[in-house]
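Trainee: Structure file model-v7.cif (mmCIF, N, CA and C atoms) is given on the next line.
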```
data_query
loop_
_atom_site.label_atom_id
_atom_site.label_comp_id
_atom_site.auth_asym_id
_atom_site.auth_seq_id
_atom_site.Cartn_x
_atom_site.Cartn_y
_atom_site.Cartn_z
N ALA A 65 0.83 -1.20 0.00
CA ALA A 65 0.00 0.00 0.00
C ALA A 65 0.87 1.26 0.00
N CYS A 66 1.99 1.24 0.69
CA CYS A 66 2.86 2.42 0.76
C CYS A 66 3.46 2.75 -0.60
N ALA A 67 3.81 1.72 -1.37
CA ALA A 67 4.44 1.93 -2.67
C ALA A 67 3.51 2.64 -3.64
N ALA A 68 2.21 2.54 -3.46
CA ALA A 68 1.26 3.21 -4.35
C ALA A 68 1.49 4.72 -4.36
N CYS A 69 1.84 5.30 -3.23
CA CYS A 69 2.09 6.74 -3.15
C CYS A 69 3.58 7.08 -3.14
N HIS A 70 4.35 6.34 -2.35
CA HIS A 70 5.77 6.67 -2.15
C HIS A 70 6.67 6.11 -3.25
N GLY A 71 6.15 5.17 -4.05
CA GLY A 71 6.96 4.54 -5.10
C GLY A 71 7.70 3.33 -4.57
N ALA A 72 8.14 2.50 -5.49
CA ALA A 72 8.80 1.24 -5.12
C ALA A 72 10.06 1.45 -4.29
N ASP A 73 10.77 2.57 -4.51
CA ASP A 73 11.99 2.81 -3.75
C ASP A 73 11.82 3.95 -2.73
N GLY A 74 10.59 4.44 -2.57
CA GLY A 74 10.32 5.46 -1.55
C GLY A 74 10.75 6.87 -1.89
N THR A 75 11.06 7.13 -3.16
CA THR A 75 11.53 8.46 -3.54
C THR A 75 10.51 9.27 -4.34
N THR A 76 9.32 8.75 -4.57
CA THR A 76 8.33 9.44 -5.39
C THR A 76 7.83 10.73 -4.74
N ILE A 77 7.62 10.71 -3.44
CA ILE A 77 7.17 11.90 -2.72
C ILE A 77 8.35 12.49 -1.96
N ASN A 78 8.62 13.77 -2.21
CA ASN A 78 9.67 14.47 -1.49
C ASN A 78 9.09 14.90 -0.14
N LEU A 79 9.63 14.35 0.92
CA LEU A 79 9.14 14.63 2.28
C LEU A 79 10.06 15.65 2.95
N GLY A 80 9.93 16.89 2.55
CA GLY A 80 10.78 17.93 3.12
C GLY A 80 12.25 17.74 2.77
N GLY A 81 12.52 17.26 1.56
CA GLY A 81 13.89 17.03 1.12
C GLY A 81 14.39 15.62 1.37
N ALA A 82 13.51 14.75 1.85
CA ALA A 82 13.93 13.38 2.17
C ALA A 82 12.99 12.36 1.52
N SER A 83 13.55 11.20 1.24
CA SER A 83 12.74 10.07 0.79
C SER A 83 12.14 9.42 2.04
N VAL A 84 11.23 8.47 1.86
CA VAL A 84 10.65 7.81 3.02
C VAL A 84 11.72 7.02 3.79
N GLY A 85 12.65 6.40 3.08
CA GLY A 85 13.73 5.67 3.75
C GLY A 85 14.63 6.60 4.56
N GLU A 86 14.97 7.74 3.95
CA GLU A 86 15.82 8.72 4.64
C GLU A 86 15.09 9.27 5.87
N LEU A 87 13.79 9.49 5.76
CA LEU A 87 13.03 9.99 6.91
C LEU A 87 13.04 8.98 8.05
N VAL A 88 12.91 7.69 7.73
CA VAL A 88 12.97 6.65 8.77
C VAL A 88 14.35 6.64 9.42
N ARG A 89 15.38 6.81 8.62
CA ARG A 89 16.75 6.76 9.16
C ARG A 89 17.09 8.00 9.99
N THR A 90 16.42 9.13 9.75
CA THR A 90 16.76 10.37 10.47
C THR A 90 15.73 10.77 11.52
N LYS A 91 14.45 10.39 11.30
CA LYS A 91 13.38 10.77 12.22
C LYS A 91 12.44 9.59 12.47
N PRO A 92 12.95 8.52 13.07
CA PRO A 92 12.13 7.31 13.23
C PRO A 92 10.86 7.52 14.05
N HIS A 93 10.91 8.38 15.05
CA HIS A 93 9.72 8.61 15.89
C HIS A 93 8.62 9.32 15.11
N GLU A 94 9.00 10.24 14.24
CA GLU A 94 8.01 10.94 13.41
C GLU A 94 7.33 9.97 12.45
N VAL A 95 8.11 9.06 11.85
CA VAL A 95 7.55 8.08 10.93
C VAL A 95 6.61 7.14 11.68
N TRP A 96 7.00 6.70 12.88
CA TRP A 96 6.13 5.83 13.67
C TRP A 96 4.80 6.53 13.92
N HIS A 97 4.84 7.79 14.31
CA HIS A 97 3.62 8.53 14.62
C HIS A 97 2.72 8.62 13.38
N LYS A 98 3.31 8.94 12.23
CA LYS A 98 2.52 9.07 11.00
C LYS A 98 1.96 7.72 10.56
N ALA A 99 2.74 6.66 10.70
CA ALA A 99 2.27 5.33 10.30
C ALA A 99 1.15 4.85 11.23
N LYS A 100 1.20 5.22 12.48
CA LYS A 100 0.17 4.80 13.44
C LYS A 100 -1.08 5.68 13.38
N PHE A 101 -0.88 7.00 13.31
CA PHE A 101 -2.00 7.93 13.43
C PHE A 101 -2.40 8.62 12.12
N GLY A 102 -1.61 8.45 11.05
CA GLY A 102 -1.93 9.06 9.77
C GLY A 102 -1.28 10.43 9.61
N GLN A 103 -1.46 10.99 8.42
CA GLN A 103 -0.89 12.30 8.11
C GLN A 103 -1.84 13.00 7.16
N ILE A 104 -2.39 14.12 7.59
CA ILE A 104 -3.27 14.90 6.73
C ILE A 104 -2.39 15.72 5.80
N SER A 105 -2.71 15.67 4.53
CA SER A 105 -1.92 16.39 3.54
C SER A 105 -2.60 17.69 3.16
N SER A 106 -1.82 18.73 3.02
CA SER A 106 -2.37 20.02 2.60
C SER A 106 -2.06 20.29 1.14
N SER A 107 -1.49 19.31 0.45
CA SER A 107 -1.13 19.48 -0.96
C SER A 107 -1.99 18.55 -1.82
N SER A 108 -1.59 18.39 -3.07
CA SER A 108 -2.31 17.51 -3.98
C SER A 108 -2.01 16.04 -3.71
N VAL A 109 -1.08 15.78 -2.80
CA VAL A 109 -0.73 14.40 -2.44
C VAL A 109 -1.79 13.87 -1.48
N ALA A 110 -2.18 12.63 -1.67
CA ALA A 110 -3.21 12.03 -0.82
C ALA A 110 -2.75 11.97 0.64
N SER A 111 -3.69 12.09 1.54
CA SER A 111 -3.40 11.96 2.97
C SER A 111 -3.08 10.51 3.30
N MET A 112 -2.27 10.32 4.33
CA MET A 112 -1.92 8.98 4.79
C MET A 112 -2.92 8.55 5.86
N VAL A 113 -3.57 7.43 5.64
CA VAL A 113 -4.60 6.97 6.57
C VAL A 113 -3.97 6.38 7.83
N PRO A 114 -4.64 6.49 8.96
CA PRO A 114 -4.12 5.90 10.19
C PRO A 114 -4.21 4.38 10.15
N GLY A 115 -3.39 3.74 10.97
CA GLY A 115 -3.47 2.29 11.14
C GLY A 115 -2.54 1.46 10.30
N LEU A 116 -1.54 2.08 9.65
CA LEU A 116 -0.57 1.28 8.88
C LEU A 116 0.29 0.44 9.81
N VAL A 117 0.53 0.94 11.01
CA VAL A 117 1.27 0.20 12.02
C VAL A 117 0.30 -0.07 13.17
N LEU A 118 0.02 -1.34 13.40
CA LEU A 118 -0.93 -1.70 14.45
C LEU A 118 -0.25 -2.23 15.70
N ASP A 119 0.94 -2.81 15.55
CA ASP A 119 1.64 -3.33 16.72
C ASP A 119 3.14 -3.23 16.50
N THR A 120 3.89 -3.63 17.51
CA THR A 120 5.35 -3.51 17.47
C THR A 120 5.95 -4.34 16.34
N THR A 121 5.39 -5.50 16.05
CA THR A 121 5.91 -6.34 14.96
C THR A 121 5.81 -5.61 13.63
N ASP A 122 4.69 -4.92 13.39
CA ASP A 122 4.53 -4.14 12.16
C ASP A 122 5.61 -3.06 12.06
N LEU A 123 5.85 -2.39 13.16
CA LEU A 123 6.85 -1.32 13.19
C LEU A 123 8.25 -1.88 12.91
N VAL A 124 8.60 -2.98 13.54
CA VAL A 124 9.91 -3.61 13.32
C VAL A 124 10.06 -4.00 11.85
N ASP A 125 9.04 -4.57 11.26
CA ASP A 125 9.09 -4.96 9.85
C ASP A 125 9.26 -3.74 8.94
N LEU A 126 8.51 -2.68 9.22
CA LEU A 126 8.60 -1.45 8.44
C LEU A 126 10.00 -0.85 8.52
N TYR A 127 10.51 -0.71 9.74
CA TYR A 127 11.84 -0.14 9.92
C TYR A 127 12.93 -1.02 9.33
N SER A 128 12.80 -2.33 9.45
CA SER A 128 13.79 -3.25 8.87
C SER A 128 13.90 -3.05 7.37
N ALA A 129 12.79 -2.86 6.73
CA ALA A 129 12.79 -2.64 5.29
C ALA A 129 13.32 -1.25 4.93
N LEU A 130 12.78 -0.22 5.54
CA LEU A 130 13.09 1.15 5.13
C LEU A 130 14.47 1.65 5.54
N THR A 131 15.12 1.00 6.49
CA THR A 131 16.47 1.44 6.86
C THR A 131 17.52 0.95 5.87
N ASN A 132 17.14 0.11 4.92
CA ASN A 132 18.06 -0.35 3.88
C ASN A 132 18.23 0.76 2.86
N ALA A 133 19.36 1.46 2.90
CA ALA A 133 19.61 2.62 2.04
C ALA A 133 19.81 2.24 0.58
N THR A 134 20.10 0.97 0.30
CA THR A 134 20.23 0.54 -1.10
C THR A 134 18.85 0.40 -1.73
N THR A 135 17.94 -0.22 -1.03
CA THR A 135 16.59 -0.44 -1.54
C THR A 135 15.76 0.83 -1.45
N TYR A 136 15.93 1.62 -0.39
CA TYR A 136 15.19 2.86 -0.17
C TYR A 136 16.18 4.03 -0.03
N PRO A 137 16.72 4.50 -1.15
CA PRO A 137 17.79 5.51 -1.11
C PRO A 137 17.29 6.90 -0.73
N ASP A 138 18.25 7.77 -0.41
CA ASP A 138 17.95 9.18 -0.19
C ASP A 138 17.57 9.80 -1.53
N ILE A 139 16.89 10.93 -1.49
CA ILE A 139 16.60 11.67 -2.72
C ILE A 139 17.90 12.34 -3.15
N PRO A 140 18.29 12.13 -4.41
CA PRO A 140 19.58 12.70 -4.87
C PRO A 140 19.59 14.21 -4.87
#
```
If you convert what's in this file into structure tokens, what do you get?
Mentor:
Amino acid sequence: ACAACHGADGTTINLGGASVGELVRTKPHEVWHKAKFGQISSSSVASMVPGLVLDTTDLVDLYSALTNATTYPDIP
């Protein structure tokens, strides 16, 4: 579901100068909050719905994937 908006490598949406992977690597608590509670968008980008992370196992899986800088690179 995340790839639909963020792209396969997490670089489709510029998140304040960062890709989704870079945001996880630099601001993990912010990403946890947005994945759990959602993010209302004020732009043409769709809002992120709450409930992507329901428990600690979901969070560990998400972070394990997104901290891989080869698969989820920074925005050049």
Trainee: Taking the file as I've supplied it (selection: the PyMOL selection byres (((chain A and resi 83 and name CA) around 12) and name CA)), which residues are included? Please answer as JSON, numbers by chain.
Mentor: {"A": [69, 70, 71, 72, 73, 74, 75, 76, 77, 78, 79, 80, 81, 82, 84, 85, 86, 87, 88, 89, 90, 91, 95, 130, 131, 133, 135, 136, 137, 138, 139, 140]}
Trainee: Just so the selection is clear, what residues does the PyMOL selection byres (((chain A and resi 114 and name CA) around 6) and name CA) cover here, as a ChimeraX atom specification?
Mentor: /A:100-102,113,115-116
Trainee: Name the residues of chain A that fall into helix (DSSP H, G or I) according to DSSP on the backbone, using the chain letters and numbers of this document, as a JSON list (two decimals) with N, CA and C atoms, in the coordinates of the input.
Mentor:
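And here's states.json as it stands now:
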```
[["chain", "number", "residue", "atom", "x", "y", "z"],
["A", 66, "CYS", "N", 1.99, 1.24, 0.69],
["A", 66, "CYS", "CA", 2.86, 2.42, 0.76],
["A", 66, "CYS", "C", 3.46, 2.75, -0.60],
["A", 67, "ALA", "N", 3.81, 1.72, -1.37],
["A", 67, "ALA", "CA", 4.44, 1.93, -2.67],
["A", 67, "ALA", "C", 3.51, 2.64, -3.64],
["A", 68, "ALA", "N", 2.21, 2.54, -3.46],
["A", 68, "ALA", "CA", 1.26, 3.21, -4.35],
["A", 68, "ALA", "C", 1.49, 4.72, -4.36],
["A", 69, "CYS", "N", 1.84, 5.30, -3.23],
["A", 69, "CYS", "CA", 2.09, 6.74, -3.15],
["A", 69, "CYS", "C", 3.58, 7.08, -3.14],
["A", 70, "HIS", "N", 4.35, 6.34, -2.35],
["A", 70, "HIS", "CA", 5.77, 6.67, -2.15],
["A", 70, "HIS", "C", 6.67, 6.11, -3.25],
["A", 84, "VAL", "N", 11.23, 8.47, 1.86],
["A", 84, "VAL", "CA", 10.65, 7.81, 3.02],
["A", 84, "VAL", "C", 11.72, 7.02, 3.79],
["A", 85, "GLY", "N", 12.65, 6.40, 3.08],
["A", 85, "GLY", "CA", 13.73, 5.67, 3.75],
["A", 85, "GLY", "C", 14.63, 6.60, 4.56],
["A", 86, "GLU", "N", 14.97, 7.74, 3.95],
["A", 86, "GLU", "CA", 15.82, 8.72, 4.64],
["A", 86, "GLU", "C", 15.09, 9.27, 5.87],
["A", 87, "LEU", "N", 13.79, 9.49, 5.76],
["A", 87, "LEU", "CA", 13.03, 9.99, 6.91],
["A", 87, "LEU", "C", 13.04, 8.98, 8.05],
["A", 88, "VAL", "N", 12.91, 7.69, 7.73],
["A", 88, "VAL", "CA", 12.97, 6.65, 8.77],
["A", 88, "VAL", "C", 14.35, 6.64, 9.42],
["A", 89, "ARG", "N", 15.38, 6.81, 8.62],
["A", 89, "ARG", "CA", 16.75, 6.76, 9.16],
["A", 89, "ARG", "C", 17.09, 8.00, 9.99],
["A", 90, "THR", "N", 16.42, 9.13, 9.75],
["A", 90, "THR", "CA", 16.76, 10.37, 10.47],
["A", 90, "THR", "C", 15.73, 10.77, 11.52],
["A", 92, "PRO", "N", 12.95, 8.52, 13.07],
["A", 92, "PRO", "CA", 12.13, 7.31, 13.23],
["A", 92, "PRO", "C", 10.86, 7.52, 14.05],
["A", 93, "HIS", "N", 10.91, 8.38, 15.05],
["A", 93, "HIS", "CA", 9.72, 8.61, 15.89],
["A", 93, "HIS", "C", 8.62, 9.32, 15.11],
["A", 94, "GLU", "N", 9.00, 10.24, 14.24],
["A", 94, "GLU", "CA", 8.01, 10.94, 13.41],
["A", 94, "GLU", "C", 7.33, 9.97, 12.45],
["A", 95, "VAL", "N", 8.11, 9.06, 11.85],
["A", 95, "VAL", "CA", 7.55, 8.08, 10.93],
["A", 95, "VAL", "C", 6.61, 7.14, 11.68],
["A", 96, "TRP", "N", 7.00, 6.70, 12.88],
["A", 96, "TRP", "CA", 6.13, 5.83, 13.67],
["A", 96, "TRP", "C", 4.80, 6.53, 13.92],
["A", 97, "HIS", "N", 4.84, 7.79, 14.31],
["A", 97, "HIS", "CA", 3.62, 8.53, 14.62],
["A", 97, "HIS", "C", 2.72, 8.62, 13.38],
["A", 98, "LYS", "N", 3.31, 8.94, 12.23],
["A", 98, "LYS", "CA", 2.52, 9.07, 11.00],
["A", 98, "LYS", "C", 1.96, 7.72, 10.56],
["A", 99, "ALA", "N", 2.74, 6.66, 10.70],
["A", 99, "ALA", "CA", 2.27, 5.33, 10.30],
["A", 99, "ALA", "C", 1.15, 4.85, 11.23],
["A", 100, "LYS", "N", 1.20, 5.22, 12.48],
["A", 100, "LYS", "CA", 0.17, 4.80, 13.44],
["A", 100, "LYS", "C", -1.08, 5.68, 13.38],
["A", 101, "PHE", "N", -0.88, 7.00, 13.31],
["A", 101, "PHE", "CA", -2.00, 7.93, 13.43],
["A", 101, "PHE", "C", -2.40, 8.62, 12.12],
["A", 120, "THR", "N", 3.89, -3.63, 17.51],
["A", 120, "THR", "CA", 5.35, -3.51, 17.47],
["A", 120, "THR", "C", 5.95, -4.34, 16.34],
["A", 121, "THR", "N", 5.39, -5.50, 16.05],
["A", 121, "THR", "CA", 5.91, -6.34, 14.96],
["A", 121, "THR", "C", 5.81, -5.61, 13.63],
["A", 122, "ASP", "N", 4.69, -4.92, 13.39],
["A", 122, "ASP", "CA", 4.53, -4.14, 12.16],
["A", 122, "ASP", "C", 5.61, -3.06, 12.06],
["A", 123, "LEU", "N", 5.85, -2.39, 13.16],
["A", 123, "LEU", "CA", 6.85, -1.32, 13.19],
["A", 123, "LEU", "C", 8.25, -1.88, 12.91],
["A", 124, "VAL", "N", 8.60, -2.98, 13.54],
["A", 124, "VAL", "CA", 9.91, -3.61, 13.32],
["A", 124, "VAL", "C", 10.06, -4.00, 11.85],
["A", 125, "ASP", "N", 9.04, -4.57, 11.26],
["A", 125, "ASP", "CA", 9.09, -4.96, 9.85],
["A", 125, "ASP", "C", 9.26, -3.74, 8.94],
["A", 126, "LEU", "N", 8.51, -2.68, 9.22],
["A", 126, "LEU", "CA", 8.60, -1.45, 8.44],
["A", 126, "LEU", "C", 10.00, -0.85, 8.52],
["A", 127, "TYR", "N", 10.51, -0.71, 9.74],
["A", 127, "TYR", "CA", 11.84, -0.14, 9.92],
["A", 127, "TYR", "C", 12.93, -1.02, 9.33],
["A", 128, "SER", "N", 12.80, -2.33, 9.45],
["A", 128, "SER", "CA", 13.79, -3.25, 8.87],
["A", 128, "SER", "C", 13.90, -3.05, 7.37],
["A", 129, "ALA", "N", 12.79, -2.86, 6.73],
["A", 129, "ALA", "CA", 12.79, -2.64, 5.29],
["A", 129, "ALA", "C", 13.32, -1.25, 4.93],
["A", 130, "LEU", "N", 12.78, -0.22, 5.54],
["A", 130, "LEU", "CA", 13.09, 1.15, 5.13],
["A", 130, "LEU", "C", 14.47, 1.65, 5.54]]
```
Trainee: Check what the PyMOL selection byres (((chain A and resi 123 and name CA) around 12) and name CA) selects in the file above and give those residues as a PyMOL selection string.
Mentor: chain A and resi 88+92-93+95-100+115-122+124-131
Trainee: What is the distance, in Å and to one decimal place, between atom C of Ser106 of chain A and atom C of Glu94 of chain A?
Mentor: 18.0 Å
Trainee: Output segment 110-134 of chain A as a compact mmCIF listing (two decimals), in the frame of the given file, making sure N, CA, C and O atoms are there.
Mentor:
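rebuild-v7.txt, written as the output of this step:
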```txt
# COMPACT_ATOMS: atom_id res chain seq x y z
N ALA A 110 -2.18 12.63 -1.67
CA ALA A 110 -3.21 12.03 -0.82
C ALA A 110 -2.75 11.97 0.64
O ALA A 110 -1.57 11.81 0.92
N SER A 111 -3.69 12.09 1.54
CA SER A 111 -3.40 11.96 2.97
C SER A 111 -3.08 10.51 3.30
O SER A 111 -3.55 9.59 2.63
N MET A 112 -2.27 10.32 4.33
CA MET A 112 -1.92 8.98 4.79
C MET A 112 -2.92 8.55 5.86
O MET A 112 -3.10 9.26 6.85
N VAL A 113 -3.57 7.43 5.64
CA VAL A 113 -4.60 6.97 6.57
C VAL A 113 -3.97 6.38 7.83
O VAL A 113 -2.87 5.84 7.79
N PRO A 114 -4.64 6.49 8.96
CA PRO A 114 -4.12 5.90 10.19
C PRO A 114 -4.21 4.38 10.15
O PRO A 114 -4.98 3.81 9.40
N GLY A 115 -3.39 3.74 10.97
CA GLY A 115 -3.47 2.29 11.14
C GLY A 115 -2.54 1.46 10.30
O GLY A 115 -2.69 0.25 10.22
N LEU A 116 -1.54 2.08 9.65
CA LEU A 116 -0.57 1.28 8.88
C LEU A 116 0.29 0.44 9.81
O LEU A 116 0.73 -0.64 9.45
N VAL A 117 0.53 0.94 11.01
CA VAL A 117 1.27 0.20 12.02
C VAL A 117 0.30 -0.07 13.17
O VAL A 117 -0.20 0.86 13.80
N LEU A 118 0.02 -1.34 13.40
CA LEU A 118 -0.93 -1.70 14.45
C LEU A 118 -0.25 -2.23 15.70
O LEU A 118 -0.78 -2.12 16.79
N ASP A 119 0.94 -2.81 15.55
CA ASP A 119 1.64 -3.33 16.72
C ASP A 119 3.14 -3.23 16.50
O ASP A 119 3.61 -2.82 15.45
N THR A 120 3.89 -3.63 17.51
CA THR A 120 5.35 -3.51 17.47
C THR A 120 5.95 -4.34 16.34
O THR A 120 6.91 -3.89 15.70
N THR A 121 5.39 -5.50 16.05
CA THR A 121 5.91 -6.34 14.96
C THR A 121 5.81 -5.61 13.63
O THR A 121 6.73 -5.66 12.81
N ASP A 122 4.69 -4.92 13.39
CA ASP A 122 4.53 -4.14 12.16
C ASP A 122 5.61 -3.06 12.06
O ASP A 122 6.19 -2.84 11.00
N LEU A 123 5.85 -2.39 13.16
CA LEU A 123 6.85 -1.32 13.19
C LEU A 123 8.25 -1.88 12.91
O LEU A 123 9.01 -1.30 12.13
N VAL A 124 8.60 -2.98 13.54
CA VAL A 124 9.91 -3.61 13.32
C VAL A 124 10.06 -4.00 11.85
O VAL A 124 11.11 -3.75 11.24
N ASP A 125 9.04 -4.57 11.26
CA ASP A 125 9.09 -4.96 9.85
C ASP A 125 9.26 -3.74 8.94
O ASP A 125 10.06 -3.74 8.01
N LEU A 126 8.51 -2.68 9.22
CA LEU A 126 8.60 -1.45 8.44
C LEU A 126 10.00 -0.85 8.52
O LEU A 126 10.61 -0.52 7.51
N TYR A 127 10.51 -0.71 9.74
CA TYR A 127 11.84 -0.14 9.92
C TYR A 127 12.93 -1.02 9.33
O TYR A 127 13.89 -0.52 8.76
N SER A 128 12.80 -2.33 9.45
CA SER A 128 13.79 -3.25 8.87
C SER A 128 13.90 -3.05 7.37
O SER A 128 14.99 -3.06 6.81
N ALA A 129 12.79 -2.86 6.73
CA ALA A 129 12.79 -2.64 5.29
C ALA A 129 13.32 -1.25 4.93
O ALA A 129 14.24 -1.11 4.12
N LEU A 130 12.78 -0.22 5.54
CA LEU A 130 13.09 1.15 5.13
C LEU A 130 14.47 1.65 5.54
O LEU A 130 14.96 2.63 4.99
N THR A 131 15.12 1.00 6.49
CA THR A 131 16.47 1.44 6.86
C THR A 131 17.52 0.95 5.87
O THR A 131 18.67 1.36 5.95
N ASN A 132 17.14 0.11 4.92
CA ASN A 132 18.06 -0.35 3.88
C ASN A 132 18.23 0.76 2.86
O ASN A 132 17.36 1.01 2.02
N ALA A 133 19.36 1.46 2.90
CA ALA A 133 19.61 2.62 2.04
C ALA A 133 19.81 2.24 0.58
O ALA A 133 19.68 3.08 -0.30
N THR A 134 20.10 0.97 0.30
CA THR A 134 20.23 0.54 -1.10
C THR A 134 18.85 0.40 -1.73
O THR A 134 18.62 0.86 -2.85
```
